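The structure appears below as structure tokens.
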Amino acid sequence: MATCSCGPRCKIVCEGGCGCVYSYEEDACTCECFDSNVGGGNLSLSLGSKIDVSVKGLSLAQLATRFDRLLAREVLVPASRTRQKVNLNLKRVSFATVLKTLGLQTRTPKKTRRKRAR
């Protein structure tokens with residue numbers, strides 16, 4: 001069993017791995033079990049948003065996928081590190097600090113363009 005918690009009223013217990021992110025600006029929490037489909041809300045947080053993060057047993061690629069749903073930027077993961085397991089517990093830090101701690105970078109989402117029919 002894995003237990004993850006951060007921020008007020010923000011906790012989950014799971015059979016496999018788990019993760020929680022609490023945003024102070026939004027007063028919003030998203031928690032999920034890693035054996036489930038990607039969940040959580042789309043918060044569109046900024047790199048400067050103050051958050052708590054609690055993660056146990058999730059691969060770096062899966063964590064980045066979850067961060068993509070919370071952050072208004074795309075999270076980039078080095079291919080050689082996609083399967084690296086993450087155990088992390090940080091309190092009242094910026095989203096940028098979390099990404100730096102994990103060695104991850106971001107970019108502005110690319111706009112998709114449609115091809116014209118000829």
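We name chains A, B, ... following the order of the structure tokens; residues begin at 1 in each chain, and ligands are numbered from 1 as shown.
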Members of stretch 34-102 of chain A assigned strand (DSSP E) by DSSP, as a PyMOL selection string: chain A and resi 50-59+74-76+85-94
Go ahead and save the picked residues with N, CA and C atoms, as a tab-separated table (two decimals), in the first residue's frame.
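The result, stored in again.tsv:
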chain	number	residue	atom	x	y	z
A	50	LYS	N	2.86	28.02	-6.39
A	50	LYS	CA	3.33	27.31	-5.19
A	50	LYS	C	2.50	26.06	-5.00
A	51	ILE	N	3.19	24.91	-4.88
A	51	ILE	CA	2.50	23.63	-4.76
A	51	ILE	C	3.17	22.74	-3.74
A	52	ASP	N	2.45	21.73	-3.30
A	52	ASP	CA	2.99	20.59	-2.56
A	52	ASP	C	2.93	19.42	-3.52
A	53	VAL	N	3.94	18.55	-3.50
A	53	VAL	CA	3.95	17.37	-4.35
A	53	VAL	C	4.34	16.16	-3.51
A	54	SER	N	3.57	15.09	-3.65
A	54	SER	CA	3.87	13.83	-2.99
A	54	SER	C	3.71	12.72	-4.02
A	55	VAL	N	4.81	12.03	-4.34
A	55	VAL	CA	4.80	10.98	-5.36
A	55	VAL	C	5.56	9.78	-4.84
A	56	LYS	N	5.00	8.60	-5.06
A	56	LYS	CA	5.68	7.36	-4.66
A	56	LYS	C	5.51	6.31	-5.74
A	57	GLY	N	6.62	5.86	-6.32
A	57	GLY	CA	6.61	4.72	-7.23
A	57	GLY	C	6.11	4.94	-8.63
A	58	LEU	N	6.11	6.16	-9.11
A	58	LEU	CA	5.64	6.45	-10.47
A	58	LEU	C	6.84	6.65	-11.38
A	59	SER	N	6.72	6.22	-12.63
A	59	SER	CA	7.82	6.45	-13.58
A	59	SER	C	7.84	7.94	-13.94
A	74	GLU	N	4.21	22.23	-21.82
A	74	GLU	CA	4.51	20.82	-22.03
A	74	GLU	C	5.75	20.44	-21.24
A	75	VAL	N	5.72	19.29	-20.59
A	75	VAL	CA	6.85	18.81	-19.81
A	75	VAL	C	7.65	17.83	-20.68
A	76	LEU	N	8.96	18.05	-20.78
A	76	LEU	CA	9.83	17.24	-21.63
A	76	LEU	C	10.63	16.26	-20.77
A	85	LYS	N	12.00	5.45	-11.69
A	85	LYS	CA	10.97	5.56	-10.65
A	85	LYS	C	11.19	6.80	-9.80
A	86	VAL	N	10.10	7.48	-9.46
A	86	VAL	CA	10.17	8.73	-8.71
A	86	VAL	C	9.53	8.55	-7.33
A	87	ASN	N	10.26	8.99	-6.31
A	87	ASN	CA	9.75	9.12	-4.95
A	87	ASN	C	10.11	10.53	-4.51
A	88	LEU	N	9.10	11.36	-4.29
A	88	LEU	CA	9.35	12.78	-4.05
A	88	LEU	C	8.30	13.33	-3.09
A	89	ASN	N	8.74	14.19	-2.18
A	89	ASN	CA	7.83	14.85	-1.26
A	89	ASN	C	8.35	16.26	-1.02
A	90	LEU	N	7.73	17.25	-1.65
A	90	LEU	CA	8.14	18.65	-1.51
A	90	LEU	C	6.95	19.48	-1.05
A	91	LYS	N	7.22	20.48	-0.21
A	91	LYS	CA	6.16	21.33	0.35
A	91	LYS	C	6.44	22.80	0.03
A	92	ARG	N	5.37	23.51	-0.37
A	92	ARG	CA	5.40	24.95	-0.61
A	92	ARG	C	6.58	25.40	-1.48
A	93	VAL	N	6.70	24.75	-2.63
A	93	VAL	CA	7.74	25.13	-3.60
A	93	VAL	C	7.07	25.50	-4.92
A	94	SER	N	7.79	26.20	-5.78
A	94	SER	CA	7.24	26.54	-7.08
A	94	SER	C	7.24	25.30	-7.97
Residues within 7 Å of A:Ala72, only C-alpha atoms, excluding chain neighbours under 4 positions, as a ChimeraX atom specification: /A:44-46
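From atom CA of A:Leu63 back to atom CA of A:Val77, the distance works out to 9.8 Å.
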For A:Ala28, the nearest of the candidates A:Arg73, A:Arg107, A:Arg66, A:Arg9, counting only C-alpha atoms: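 For A:Ala28, the nearest of the given residues is A:Arg9.
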All alpha helix (DSSP H) residues (DSSP, backbone) inside chain A, as a list in words: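 DSSP-assigned alpha helix (DSSP H) residues in chain A: Leu60, Ala61, Gln62, Leu63, Ala64, Thr65, Arg66, Phe67, Asp68, Arg69, Leu70, Phe95, Ala96, Thr97, Val98, Leu99, Lys100, Thr101 and Leu102 of chain A.
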Those same residues, written as a tab-separated table (two decimals), in the first residue's frame with C-alpha atoms?
chain	number	residue	atom	x	y	z
A	60	LEU	CA	9.17	9.83	-14.68
A	61	ALA	CA	7.22	9.57	-17.98
A	62	GLN	CA	3.93	8.93	-16.15
A	63	LEU	CA	4.60	11.80	-13.77
A	64	ALA	CA	5.37	14.15	-16.67
A	65	THR	CA	2.08	13.11	-18.30
A	66	ARG	CA	0.23	14.08	-15.13
A	67	PHE	CA	2.13	17.36	-14.86
A	68	ASP	CA	1.13	18.15	-18.47
A	69	ARG	CA	-2.50	18.15	-17.28
A	70	LEU	CA	-1.73	20.60	-14.45
A	95	PHE	CA	6.31	24.20	-9.92
A	96	ALA	CA	9.65	25.24	-11.49
A	97	THR	CA	11.51	23.94	-8.40
A	98	VAL	CA	9.73	20.57	-8.66
A	99	LEU	CA	10.70	20.26	-12.33
A	100	LYS	CA	14.31	21.31	-11.60
A	101	THR	CA	14.54	18.75	-8.77
A	102	LEU	CA	13.43	16.07	-11.24
Point-to-point distance from atom CA of A:Leu71 to atom CA of A:Cys20, Å rounded to tenths: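 Taking atom CA of A:Leu71 as the start and atom CA of A:Cys20 as the end point, the length is 14.1 Å.
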Close residues, A:Cys18 itself excluded, 10 Å, only C-alpha atoms, min 5 positions apart in chain, as number ranges by chain: A: 1-5, 11-13, 31-36, 54-58, 87
